[in-house]
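Asks: For reference, the file target18.txt (compact mmCIF, C-alpha atoms) is included below:
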```
# COMPACT_ATOMS: atom_id res chain seq x y z
CA MET A 1 0.00 0.00 0.00
CA ARG A 2 1.11 3.56 -0.42
CA GLY A 3 -0.31 6.95 0.43
CA GLU A 4 -1.35 9.63 -1.96
CA GLU A 5 1.05 10.02 -4.88
CA LEU A 6 3.20 13.09 -4.45
CA ARG A 7 2.21 15.12 -7.45
CA SER A 8 0.23 18.29 -8.09
CA SER A 9 -3.00 18.30 -9.98
CA VAL A 10 -4.04 20.92 -12.50
CA LEU A 11 -7.39 22.35 -13.49
CA GLY A 12 -8.44 24.10 -16.62
CA SER A 13 -7.40 27.70 -15.97
CA GLU A 14 -10.89 28.97 -16.64
CA MET A 15 -12.20 26.79 -13.81
CA MET A 16 -9.65 27.79 -11.18
CA SER A 17 -10.60 30.03 -8.27
CA LYS A 18 -8.19 32.32 -6.47
CA THR A 19 -8.08 29.75 -3.69
CA ASP A 20 -7.08 26.99 -6.12
CA SER A 21 -4.36 29.21 -7.53
CA VAL A 22 -2.91 29.83 -4.07
CA LEU A 23 -3.03 26.13 -3.18
CA TYR A 24 -1.25 25.02 -6.35
CA ASN A 25 1.34 27.80 -6.47
CA GLN A 26 3.54 26.13 -3.84
CA TYR A 27 1.99 22.70 -3.91
CA PHE A 28 5.26 20.85 -3.37
CA THR A 29 6.19 22.81 -0.26
CA ASN A 30 2.74 22.89 1.31
CA GLN A 31 1.34 19.49 0.36
CA SER A 32 3.12 16.91 -1.73
CA SER A 33 6.62 16.92 -0.21
CA HIS A 34 5.49 16.03 3.33
CA GLY A 35 8.72 17.65 4.48
CA ARG A 36 10.96 15.53 2.27
CA LYS A 37 13.33 16.52 -0.52
CA PRO A 38 12.80 15.40 -4.14
CA ALA A 39 15.71 12.93 -3.92
CA GLU A 40 14.09 11.22 -0.92
CA LEU A 41 10.75 10.97 -2.70
CA ILE A 42 12.38 9.56 -5.81
CA SER A 43 14.21 6.91 -3.79
CA SER A 44 11.21 5.88 -1.66
CA ALA A 45 8.92 5.52 -4.72
CA ARG A 46 11.30 3.68 -7.06
CA TRP A 47 9.63 0.30 -6.60
CA PHE A 48 6.17 1.76 -7.09
CA ASP A 49 7.26 3.67 -10.21
CA GLY A 50 8.71 0.47 -11.63
CA GLU A 51 5.38 -1.27 -11.10
CA ILE A 52 3.50 1.61 -12.77
CA ILE A 53 5.76 1.40 -15.82
CA ARG A 54 5.31 -2.37 -15.98
CA ARG A 55 1.52 -2.05 -15.87
CA ALA A 56 1.63 0.51 -18.70
CA ARG A 57 2.95 -2.17 -21.09
CA ILE A 58 4.91 0.39 -23.12
CA SER A 59 5.51 -1.03 -26.57
CA SER A 60 8.95 0.36 -27.44
CA PRO A 61 11.77 2.60 -26.10
CA ASP A 62 10.77 5.38 -28.49
CA ALA A 63 7.05 5.30 -27.58
CA ALA A 64 5.48 8.77 -27.24
CA ILE A 65 4.64 9.22 -23.54
CA VAL A 66 2.84 12.10 -21.82
CA ASP A 67 2.55 12.52 -18.05
CA LEU A 68 -0.36 14.79 -17.10
CA GLY A 69 -0.06 16.56 -13.74
CA CYS A 70 3.52 15.27 -13.54
CA GLY A 71 4.50 17.20 -10.42
CA PHE A 72 8.26 17.57 -10.12
CA GLY A 73 8.74 14.82 -12.70
CA ARG A 74 9.38 11.77 -10.56
CA LEU A 75 7.76 9.32 -12.98
CA LEU A 76 9.44 11.02 -15.94
CA LEU A 77 12.80 10.44 -14.26
CA ALA A 78 11.91 6.78 -13.72
CA LEU A 79 10.92 6.47 -17.38
CA LYS A 80 14.18 8.15 -18.41
CA ARG A 81 16.20 5.70 -16.29
CA ALA A 82 14.27 2.83 -17.87
CA GLY A 83 15.42 3.93 -21.33
CA TYR A 84 12.42 5.86 -22.63
CA SER A 85 13.39 9.10 -24.36
CA ASN A 86 10.23 10.42 -26.04
CA ILE A 87 8.72 11.63 -22.79
CA ARG A 88 7.12 14.91 -21.70
CA GLY A 89 4.97 16.22 -18.91
CA VAL A 90 2.86 19.14 -17.77
CA ASP A 91 2.02 20.64 -14.41
CA LEU A 92 0.33 23.85 -13.32
CA SER A 93 2.51 24.51 -10.28
CA PRO A 94 5.47 26.79 -11.12
CA GLU A 95 7.26 25.42 -8.07
CA GLN A 96 6.94 21.82 -9.27
CA VAL A 97 8.01 22.69 -12.81
CA GLY A 98 11.02 24.57 -11.42
CA ILE A 99 12.08 21.54 -9.40
CA ALA A 100 11.71 19.35 -12.49
CA ALA A 101 14.02 21.69 -14.40
CA SER A 102 16.58 21.55 -11.58
CA LEU A 103 16.53 17.75 -11.88
CA GLY A 104 17.42 17.96 -15.57
CA LEU A 105 13.95 17.67 -17.04
CA ASP A 106 13.54 20.28 -19.78
CA ASN A 107 10.43 18.61 -21.16
CA VAL A 108 7.94 19.70 -18.47
CA ALA A 109 5.53 22.49 -19.44
CA CYS A 110 3.90 24.85 -16.96
CA ASP A 111 0.26 24.74 -18.06
CA ASP A 112 -3.07 23.23 -17.12
CA VAL A 113 -3.68 19.70 -18.36
CA ILE A 114 -6.75 20.52 -20.44
CA SER A 115 -5.16 23.37 -22.38
CA TYR A 116 -2.01 21.30 -22.85
CA THR A 117 -3.85 18.20 -24.07
CA ARG A 118 -5.98 20.23 -26.48
CA GLN A 119 -2.77 21.23 -28.26
CA LEU A 120 -1.65 17.64 -28.88
CA ALA A 121 -2.30 16.13 -32.30
CA SER A 122 -4.93 13.42 -32.60
CA ALA A 123 -3.63 9.84 -32.45
CA SER A 124 -0.10 11.01 -31.61
CA VAL A 125 0.59 9.48 -28.17
CA ASP A 126 1.26 5.88 -27.17
CA VAL A 127 0.82 6.18 -23.39
CA VAL A 128 -0.81 8.86 -21.23
CA PHE A 129 -0.26 8.81 -17.46
CA ALA A 130 -2.58 10.67 -15.06
CA LEU A 131 -1.39 9.65 -11.62
CA ASP A 132 -3.14 11.28 -8.67
CA LEU A 133 -4.71 13.82 -10.99
CA LEU A 134 -8.34 12.98 -11.74
CA GLU A 135 -9.50 13.47 -8.15
CA HIS A 136 -8.54 17.16 -8.39
CA LEU A 137 -10.81 17.96 -11.34
CA PRO A 138 -14.39 19.27 -11.26
CA LYS A 139 -16.74 16.92 -13.07
CA ASP A 140 -17.00 18.94 -16.29
CA ALA A 141 -13.21 19.24 -16.53
CA LEU A 142 -12.82 15.54 -15.72
CA LEU A 143 -15.09 14.48 -18.56
CA GLU A 144 -13.42 16.86 -21.01
CA LEU A 145 -9.94 15.69 -20.10
CA VAL A 146 -10.68 11.99 -20.58
CA GLY A 147 -12.28 12.79 -23.93
CA GLU A 148 -9.13 14.65 -24.97
CA VAL A 149 -6.95 11.77 -23.81
CA TYR A 150 -8.95 9.39 -25.98
CA ARG A 151 -8.49 11.71 -28.95
CA VAL A 152 -4.71 12.00 -28.63
CA LEU A 153 -4.08 8.29 -28.03
CA LYS A 154 -3.01 6.18 -30.95
CA PRO A 155 -5.10 3.07 -31.65
CA GLY A 156 -3.88 0.54 -29.11
CA GLY A 157 -2.56 3.37 -26.90
CA ARG A 158 -2.77 3.09 -23.12
CA PHE A 159 -4.22 5.38 -20.45
CA VAL A 160 -2.88 4.78 -16.93
CA VAL A 161 -4.49 6.47 -13.92
CA HIS A 162 -3.97 6.35 -10.16
CA VAL A 163 -6.79 7.63 -7.94
CA PRO A 164 -8.07 7.59 -4.32
CA ASN A 165 -10.10 4.50 -3.60
CA GLY A 166 -13.63 5.04 -2.30
CA GLU A 167 -13.82 1.37 -1.28
CA ALA A 168 -10.66 1.48 0.80
CA ILE A 169 -10.42 0.50 4.45
CA PHE A 170 -9.27 4.07 5.22
CA SER A 171 -10.89 5.75 2.24
CA GLY A 172 -11.24 9.17 3.86
CA ARG A 173 -7.53 9.52 4.60
CA VAL A 174 -6.57 10.30 1.00
CA LEU A 175 -9.82 11.89 -0.13
CA TYR A 176 -9.82 14.44 2.69
CA GLY A 177 -6.04 14.69 3.02
CA ASP A 178 -5.80 17.43 0.39
CA LEU A 179 -7.95 20.55 0.13
CA THR A 180 -7.80 20.35 -3.68
CA HIS A 181 -9.51 16.96 -3.89
CA HIS A 182 -13.04 16.75 -5.30
CA ARG A 183 -13.76 13.01 -5.16
CA ALA A 184 -12.62 9.43 -4.76
CA PHE A 185 -13.36 6.65 -7.25
CA THR A 186 -14.38 3.02 -7.14
CA GLN A 187 -13.87 0.32 -9.72
CA MET A 188 -17.39 0.98 -10.94
CA SER A 189 -17.06 4.75 -11.29
CA ILE A 190 -13.65 4.63 -12.99
CA ARG A 191 -14.97 2.06 -15.46
CA GLN A 192 -17.98 4.30 -16.08
CA LEU A 193 -15.72 7.29 -16.74
CA LEU A 194 -13.28 5.52 -19.04
CA SER A 195 -15.74 3.38 -20.98
CA MET A 196 -18.12 6.27 -21.74
CA HIS A 197 -15.31 7.86 -23.73
CA GLY A 198 -14.63 4.71 -25.76
CA LEU A 199 -11.72 3.26 -23.78
CA SER A 200 -11.75 -0.49 -23.29
CA ASP A 201 -9.70 -3.33 -21.77
CA ILE A 202 -10.14 -1.61 -18.40
CA ALA A 203 -8.38 -3.23 -15.43
CA CYS A 204 -8.05 -2.10 -11.81
CA PHE A 205 -5.27 -2.99 -9.37
CA GLU A 206 -4.74 -2.49 -5.64
CA ASP A 207 -1.65 -0.72 -4.33
CA ARG A 208 -0.32 -3.77 -2.53
CA PRO A 209 3.10 -3.72 -0.84
CA ILE A 210 5.78 -4.53 -3.42
CA ILE A 211 8.25 -7.07 -2.08
CA HIS A 212 11.84 -5.87 -2.37
CA GLY A 213 13.33 -6.84 0.99
CA PRO A 214 12.57 -8.30 4.46
CA ALA A 215 10.51 -5.34 5.69
CA SER A 216 8.34 -5.21 2.59
CA LEU A 217 7.87 -8.98 2.79
CA VAL A 218 6.50 -8.64 6.33
CA ARG A 219 4.21 -5.81 5.20
CA SER A 220 2.98 -7.92 2.27
CA VAL A 221 2.15 -10.90 4.48
CA ALA A 222 0.37 -8.68 7.01
CA TRP A 223 -1.55 -6.93 4.23
CA CYS A 224 -2.74 -10.24 2.77
CA PHE A 225 -4.05 -11.31 6.20
CA ILE A 226 -5.78 -7.99 6.94
CA ARG A 227 -7.18 -7.84 3.43
CA ALA A 228 -8.66 -11.33 3.74
CA CYS A 229 -10.52 -10.29 6.89
CA PHE A 230 -12.11 -7.24 5.27
CA ALA A 231 -12.81 -9.12 2.04
CA PHE A 232 -14.69 -11.73 4.10
CA ILE A 233 -16.84 -9.02 5.70
CA HIS A 234 -17.57 -7.61 2.26
CA ALA A 235 -18.49 -11.07 0.91
CA VAL A 236 -20.88 -11.63 3.81
CA GLU A 237 -22.67 -8.37 3.02
CA SER A 238 -22.53 -8.43 -0.78
CA GLY A 239 -22.37 -12.13 -1.60
CA PRO A 240 -19.57 -14.29 -2.97
CA GLY A 241 -17.86 -13.34 -6.21
CA SER A 242 -17.98 -9.59 -5.58
CA ARG A 243 -14.41 -8.28 -5.97
CA ILE A 244 -13.33 -5.33 -3.85
CA LEU A 245 -10.19 -3.18 -3.79
CA LEU A 246 -9.10 -2.17 -0.29
CA SER A 247 -5.91 -0.12 -0.65
CA GLN A 248 -6.15 3.64 -0.11
CA ASN A 249 -5.44 4.29 -3.80
CA PHE A 250 -5.74 2.08 -6.84
CA LEU A 251 -4.36 1.93 -10.35
CA ALA A 252 -6.48 1.60 -13.49
CA THR A 253 -5.37 0.96 -17.05
CA ALA A 254 -7.37 1.22 -20.27
CA SER A 255 -6.72 1.05 -24.01
CA LYS A 256 -7.97 2.72 -27.16
CA LYS A 257 -9.37 0.09 -29.52
CA VAL A 258 -7.53 -0.75 -32.69
CA VAL A 259 -10.08 -0.29 -35.45
```
Please express what this file holds, its structure, as structure tokens.
Replies:
Amino acid sequence: MRGEELRSSVLGSEMMSKTDSVLYNQYFTNQSSHGRKPAELISSARWFDGEIIRRARISSPDAAIVDLGCGFGRLLLALKRAGYSNIRGVDLSPEQVGIAASLGLDNVACDDVISYTRQLASASVDVVFALDLLEHLPKDALLELVGEVYRVLKPGGRFVVHVPNGEAIFSGRVLYGDLTHHRAFTQMSIRQLLSMHGLSDIACFEDRPIIHGPASLVRSVAWCFIRACFAFIHAVESGPGSRILLSQNFLATASKKVV
């Protein structure tokens, strides 16, 4: 399991209030850093970033990749280390974009995700990431953004999102842990959102502990036990065969059909 991904979200500029602008201006300092430096965040998230990249099933090293609401560029750095070169990102927070530049990322634009995505050519991108972004958007902006993502994806292209989980054991911790959040999602609502725009092959995954040493092994075993207890309670209430995700956030992937 992991807490909220440390990235800033961006709204369409026409939908931002003065309050939103203040909150996002120094989002890294006031919210996403949790008192840690970028290098610490990069190190602590390396296993998770590797799992995200694996789930994206990127077809080739030169695949066109866009990271929406990329924050200070942590995932972009992981992609760069993994050998992907055709990568770019966008974030509204000048502070986050400045940090990205200091880390050697000159491919991060300071803009809102909707304006940025509107400027991309149709069927020009292989993979779009939107990690810890969708929960920040008002409903109208959310629907418009996903429609734009569908437009810019190539046939067979992948959309990868990470969102707060409304079914989680501690669902309120992430949802209410950031003043810029509008909503959490469930498997049902994320499928509704993605499928209504034509995306298919939708799959949802818990943020389970990734085993990479003794401590993470202990966490993984404990999580499996705790999860089984809550899953049993859910099965008693809802009936057998009803799958539930219990981590505080979850990952969803979807594809644009090849016609």
Asks: Looking at A:Ser33, A:Gln248, A:Ser238, A:Ser44, which one is nearest to Phe72 (chain A), with distances taken over all atoms listed in the file?
Replies: A:Ser33
Asks: May I have a table of the residues of region 195-255 of chain A lying at most 6 Å from region 152-169 of chain A, giving each one's closest pair of atoms and their distance in Å to one decimal, counting all atoms listed in the file, ordered by chain and ascending residue number, as a Markdown table?
Replies:
```
| residue | atom | partner | partner_atom | distance |
| --- | --- | --- | --- | --- |
| A:Leu246 | CA | A:Ala168 | CA | 4.1 |
| A:Ser247 | CA | A:Ala168 | CA | 5.2 |
| A:Gln248 | CA | A:Ala168 | CA | 5.1 |
| A:Asn249 | CA | A:Pro164 | CA | 4.3 |
| A:Phe250 | CA | A:His162 | CA | 5.7 |
| A:Leu251 | CA | A:His162 | CA | 4.4 |
| A:Ala252 | CA | A:Val161 | CA | 5.3 |
| A:Thr253 | CA | A:Val160 | CA | 4.6 |
| A:Ala254 | CA | A:Phe159 | CA | 5.2 |
| A:Ser255 | CA | A:Arg158 | CA | 4.5 |
```
Asks: Record the distance separating CA of Leu68 (chain A) and CA of Tyr116 (chain A), expressed in Å with one decimal.
Replies: 8.8 Å
Asks: Have a look at A:Tyr84, A:Ile99, A:Thr117, A:Val127 and name the one nearest to Ile65 (chain A); count all atoms listed in the file.
Replies: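 Looking only at the distances to Ile65 (chain A), the closest residue turns out to be A:Val127.
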Asks: Nearest to Met188 (chain A): which of A:Cys110, A:Gly71, A:Val258, A:Ser242 is it, counting only C-alpha atoms?
Replies: A:Ser242
Asks: If I take CA of Arg183 (chain A) and CA of Glu135 (chain A), how far is one from the other in Å, to one decimal?
Replies: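 Interatomic distance here is 5.2 Å.
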Asks: Interatomic distance between CA of Val108 (chain A) and CA of Ala39 (chain A)?
Replies: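 Taking CA of Val108 (chain A) and CA of Ala39 (chain A), their separation equals 17.8 Å.
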Asks: List every protein, DNA or RNA residue with an atom no more than 12 Å from (3.4, 2.2, -15.5) in the file's coordinates, counting all atoms listed in the file, and format the result as JSON, numbers by chain.
Replies: {"A": [46, 47, 48, 49, 50, 51, 52, 53, 54, 55, 56, 57, 58, 59, 65, 66, 67, 75, 76, 78, 79, 82, 127, 128, 129, 130, 131, 158, 159, 160, 161, 162, 205, 251, 252, 253, 254]}
Asks: Smallest atom-to-atom distance to Ser171 (chain A): which of A:Gln31, A:Ser124, A:Ser21, A:Thr186, using all atoms listed in the file?
Replies: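 For Ser171 (chain A), the nearest of the candidates is A:Thr186.
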Asks: Residues within 12 Å of region 220-231 of chain A, please, as an NGL selection string. Count only C-alpha atoms; anything in the same chain fewer than 4 positions from it doesn't count.
Replies: :A and (1-2 or 167-170 or 206-216 or 235-247)
Asks: Contacts of Asp178 (chain A) at 10 Å or less, counting only C-alpha atoms, minus same-chain residues fewer than 6 places along, as a VMD selection string?
Replies: chain A and resid 4 23 31 to 32 136
Asks: Fewer than 3 positions away in the same chain doesn't count, so skip those; otherwise give me all residues within 7 Å of Ala64 (chain A), counting only C-alpha atoms, as a VMD selection string.
Replies: chain A and resid 86 to 87 125 to 127
Asks: Quick one: of A:Leu179, A:Ala141, A:Asp106, A:Gly83, who's nearest to Tyr24 (chain A), counting all atoms listed in the file?
Replies: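 Of A:Leu179, A:Ala141, A:Asp106, A:Gly83, the one nearest Tyr24 (chain A), counting all atoms listed in the file, is A:Leu179.
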Asks: With distances taken over only C-alpha atoms, which residue among A:Ser43, A:Ser85, A:Gln96, A:Ser60 lies nearest Asn25 (chain A)?
Replies: A:Gln96
